[in-house]
Amino acid sequence: MSLTFHWFLPTNGDSRHVVGGGHGTPATASGRDRPPTVAYLSQIARAAEDLGFVGVLTPTGAWCEDAWLTTAMVSQHTERLKFLVAFRPGFVSPTLAAQMAATFQRKTGGRLLLNVVTGGESHEQRAYGDFLDKDARYRRTGEFLQIVRDLWDGKTVDLSGEHLQVEDARLARVPDPVPEVYFGGSSPIAGEIAARHVDVYLTWGEPPAQVAEKIAWVRRLAAKEGRTVRFGIRLHVITRDTAEQAWAEAHKLLDGFDPDTVKSVQAGLARSESEGQQRMLALHGGNREDLEIHPNLWAGIGLVRGGAGTALVGSHDEVAERIKEYHALGIDEFVLSGYPHLEEAYWFGEGVLPRLAARGLWRHPFAPTPAPAAQVPFTS
């Protein structure tokens with residue numbers, strides 16, 4: 001089985017510095033270095049497609065452009081690349097979301113993947129008119145996915161739930177193929193939702209021992225539901241020809257972190273209700289020292305950025321080995337990013353992917369299938 005790699009569309013802006021913010025904190029000024037125009041995002045998307053990334057993740061939240069509209073535009077400048085669209089169930093009705101997904105599939109030739117984000121920050125949710133608490137949001141997510149999946153299966157849906165109610169809901173045209181659902185969350189109720197409804201469970205880039213615990217947890221829950229779930233991980237990457245070059249780039253990024261910005265972002269993230277975000281913060285504790293928390297796993301990004309806060313840093317061979325290590329735990333999909341996203345896509349795509357291919361772990365998803373060897377009749 002070939003590993004699957006996705007890249008990232010920086011709809012919050014891009015830079016040679018880390019674009020901080022997220023999880024209820026505003027994007028840092030560096031996001032204005034390269035505005036997220038359709039032209040620039042399409043340039044990244046085309047590079048990702050050529051290099052062999054299957055899809056690109058697009059974030060959601062007040063700090064970035066709308067994911068649905070942006071990916072619909074960028075999709076017209078690519079041919080095969082899929083779009084892992086992050087969206088929040090509380091902001092749109094399940095019937096409309098199911099219809100939007102079906103339309104997206106028809107207009108792009110089946111290139112939609114969905115990243116369901118329940119929302120870990122109540123103050124940000126309230127800005128959008130959502131006043132449920134965190135556990136209630138997860139319960140609503142479960143009802144939402146139940147309705148959406150039934151609609152995609154061509155069923156007529158009547159449901160009167162705790163938070164959602166639909167009557168005689170159905171789609172005139174179901175999506176083909178049905179989009180796969182990606183989802184992450186570290187709280188107990190998040191595990192329950194993942195086990196019942198999702199195709200791929202995503203974790204942020206924690207050290208392998210912690211990732212292994214998460215995988216075992218979700219597998220147990222899914223088995224109780226009679227289901228299996230695939231696993232993916234969200235990481236940044238800084239990969240170069242030599243380890244020295246890669247770490248020099250990491251230290252350059254770190255040197256660009258303004259102390260006041262770090263203090264402000266850390267204060268904002270400390271108020272996060274997201275258990276996953278708190279686990280990210282615990283990896284560095286707001287300290288600039290001892291940021292290599294596992295060989296080639298660097299927690300520096302999390303000093304100024306919410307959400308995914310760790311990066312694989314090292315030579316191409318070292319980064320390939322860390323990917324192999326995570327794969328051995330059960331990770332089959334990698335959602336990656338790097339600053340700036342255009343250049344770093346090439347560093348990874350031209351440096352690491354060929355090494356994984358040589359190990360038999362990856363094959364370019366858009367490469368033509370080799371023709372079978374001709375059968376030559378045996379003659380004596």
# chains A, B, ... in the order shown; residues from 1 in each chain; ligands from 1

call {"tool": "residues_around", "arguments": {"residues": "Leu3 of chain A", "least_positions_apart": "6", "cutoff": "8 Å", "atoms": "only C-alpha atoms", "output": "list of chain:residue names"}}
result
A:Asp332, A:Glu333, A:Phe334, A:Leu361, A:Trp362, A:Arg363

call {"tool": "closest_atom_pairs", "arguments": {"of": "segment 244-277 of chain A", "to": "segment 13-35 of chain A", "cutoff": "7 Å", "atoms": "only C-alpha atoms", "output": "tab-separated table"}}
result
residue	atom	partner	partner_atom	distance
A:Leu253	CA	A:His17	CA	5.9
A:Gly256	CA	A:His17	CA	6.9
A:Val265	CA	A:Thr25	CA	6.7
A:Gly268	CA	A:Thr25	CA	6.2
A:Leu269	CA	A:His23	CA	6.9

call {"tool": "residues_around", "arguments": {"residues": "Leu235 of chain A", "least_positions_apart": "3", "cutoff": "8 Å", "atoms": "only C-alpha atoms", "output": "compact mmCIF listing (two decimals) with N, CA, C and O atoms, in the first residue's frame"}}
result
# COMPACT_ATOMS: atom_id res chain seq x y z
N TRP A 204 -2.59 15.54 15.44
CA TRP A 204 -1.47 16.45 15.25
C TRP A 204 -0.17 15.72 15.58
O TRP A 204 -0.19 14.64 16.20
N GLY A 205 0.97 16.33 15.20
CA GLY A 205 2.24 15.64 15.25
C GLY A 205 2.86 15.54 16.63
O GLY A 205 3.84 16.23 16.94
N ALA A 308 -1.73 22.57 14.51
CA ALA A 308 -0.51 21.80 14.29
C ALA A 308 0.71 22.66 14.61
O ALA A 308 0.92 23.70 13.99
N GLY A 309 1.53 22.20 15.55
CA GLY A 309 2.63 23.03 16.02
C GLY A 309 3.99 22.37 15.96
O GLY A 309 4.96 22.92 16.50
N THR A 310 4.09 21.21 15.32
CA THR A 310 5.37 20.50 15.26
C THR A 310 5.79 20.30 13.82
O THR A 310 4.96 20.24 12.90
N ALA A 311 7.10 20.16 13.64
CA ALA A 311 7.66 19.97 12.30
C ALA A 311 8.69 18.85 12.32
O ALA A 311 9.43 18.68 13.30
N LEU A 312 8.72 18.09 11.22
CA LEU A 312 9.82 17.16 11.00
C LEU A 312 10.97 17.96 10.41
O LEU A 312 10.81 18.60 9.37
N PHE A 334 -0.37 11.51 5.45
CA PHE A 334 0.41 12.60 6.03
C PHE A 334 -0.06 13.91 5.41
O PHE A 334 -0.03 14.07 4.19
N VAL A 335 -0.51 14.83 6.27
CA VAL A 335 -0.95 16.16 5.83
C VAL A 335 0.13 17.14 6.25
O VAL A 335 0.31 17.43 7.43
N LEU A 336 0.86 17.66 5.27
CA LEU A 336 2.10 18.38 5.54
C LEU A 336 2.00 19.83 5.09
O LEU A 336 1.16 20.21 4.29
N SER A 337 2.92 20.64 5.61
CA SER A 337 3.03 22.04 5.21
C SER A 337 4.42 22.54 5.55
O SER A 337 5.17 21.87 6.28

call {"tool": "residues_around", "arguments": {"residues": "Asp290 of chain A", "least_positions_apart": "4", "cutoff": "9 Å", "atoms": "only C-alpha atoms", "output": "JSON, numbers by chain"}}
result
{"A": [284, 298, 299]}

call {"tool": "write_last_selection", "arguments": {"atoms": "C-alpha atoms", "output": "compact mmCIF listing (two decimals), in the first residue's frame"}}
result
# COMPACT_ATOMS: atom_id res chain seq x y z
CA HIS A 284 7.08 23.16 24.54
CA TRP A 298 10.59 20.11 16.50
CA ALA A 299 7.91 21.91 18.53

call {"tool": "closest_residue", "arguments": {"among": "A:Gly351, A:Glu49, A:Asn12, A:Ser186", "to": "Arg305 of chain A", "atoms": "only C-alpha atoms"}}
result
A:Asn12

call {"tool": "residues_around", "arguments": {"residues": "Glu344 of chain A", "least_positions_apart": "2", "cutoff": "12 Å", "atoms": "only C-alpha atoms", "output": "JSON, numbers by chain"}}
result
{"A": [7, 8, 14, 15, 16, 44, 47, 48, 51, 236, 237, 238, 239, 240, 246, 249, 313, 336, 337, 338, 339, 340, 341, 342, 346, 347, 348, 349, 350, 351, 352]}

call {"tool": "closest_residue", "arguments": {"among": "A:Leu145, A:Leu329, A:Ile293, A:Glu343", "to": "Ala45 of chain A", "atoms": "only C-alpha atoms"}}
result
A:Glu343

call {"tool": "atom_distance", "arguments": {"atom1": "atom CA of Asp66 of chain A", "atom2": "atom CA of Thr11 of chain A"}}
result
8.0 Å

call {"tool": "closest_residue", "arguments": {"among": "A:Asp50, A:Glu225, A:Glu124, A:Glu292", "to": "His251 of chain A", "atoms": "only C-alpha atoms"}}
result
A:Glu292

call {"tool": "closest_atom_pairs", "arguments": {"of": "segment 154-267 of chain A", "to": "segment 117-120 of chain A", "cutoff": "10 Å", "atoms": "only C-alpha atoms", "output": "Markdown table"}}
result
| residue | atom | partner | partner_atom | distance |
| --- | --- | --- | --- | --- |
| A:Tyr182 | CA | A:Val117 | CA | 8.9 |
| A:Phe183 | CA | A:Val117 | CA | 6.7 |
| A:Gly184 | CA | A:Val117 | CA | 7.4 |
| A:Gly185 | CA | A:Thr118 | CA | 8.5 |
| A:Ala190 | CA | A:Thr118 | CA | 8.9 |

call {"tool": "write_last_selection", "arguments": {"atoms": "N, CA and C atoms", "output": "PDB file, in the first residue's frame"}}
result
ATOM      1  N   TYR A 182     -12.706  13.201   7.036  1.00  0.00           N
ATOM      2  CA  TYR A 182     -11.545  13.272   7.929  1.00  0.00           C
ATOM      3  C   TYR A 182     -11.978  14.030   9.187  1.00  0.00           C
ATOM      4  N   PHE A 183     -11.343  13.699  10.322  1.00  0.00           N
ATOM      5  CA  PHE A 183     -11.808  14.262  11.586  1.00  0.00           C
ATOM      6  C   PHE A 183     -10.713  14.068  12.625  1.00  0.00           C
ATOM      7  N   GLY A 184     -10.581  15.031  13.542  1.00  0.00           N
ATOM      8  CA  GLY A 184      -9.633  14.899  14.636  1.00  0.00           C
ATOM      9  C   GLY A 184     -10.231  15.394  15.930  1.00  0.00           C
ATOM     10  N   GLY A 185      -9.674  14.959  17.042  1.00  0.00           N
ATOM     11  CA  GLY A 185     -10.138  15.370  18.360  1.00  0.00           C
ATOM     12  C   GLY A 185      -9.569  14.446  19.409  1.00  0.00           C
ATOM     13  N   ALA A 190     -14.905  13.024  21.289  1.00  0.00           N
ATOM     14  CA  ALA A 190     -14.365  13.082  19.924  1.00  0.00           C
ATOM     15  C   ALA A 190     -14.026  11.678  19.435  1.00  0.00           C
TER      16      ALA A 190
END

call {"tool": "closest_residue", "arguments": {"among": "A:Ala345, A:Leu113, A:Leu81, A:Val92", "to": "Leu164 of chain A", "atoms": "only C-alpha atoms"}}
result
A:Val92

call {"tool": "residues_around", "arguments": {"residues": "Val166 of chain A", "least_positions_apart": "2", "cutoff": "12 Å", "atoms": "only C-alpha atoms", "output": "PyMOL selection string"}}
result
chain A and resi 93-96+143-144+146-148+150-151+156-164+168-170

call {"tool": "select_by_dssp", "arguments": {"residues": "segment 167-379 of chain A", "states": "strand (DSSP E or B)", "output": "ChimeraX atom specification"}}
result
/A:167-169,181-183,200-204,230-240,292-294,297-298,305,311-315,333-337

call {"tool": "closest_residue", "arguments": {"among": "A:Tyr201, A:Phe91, A:Phe257, A:Phe104", "to": "Gly61 of chain A", "atoms": "only C-alpha atoms"}}
result
A:Phe91

call {"tool": "residues_around", "arguments": {"residues": "Leu57 of chain A", "least_positions_apart": "5", "cutoff": "7 Å", "atoms": "only C-alpha atoms", "output": "list in words"}}
result
His6, Trp7, Phe8, Leu9, Phe83, Leu84 and Val85 of chain A
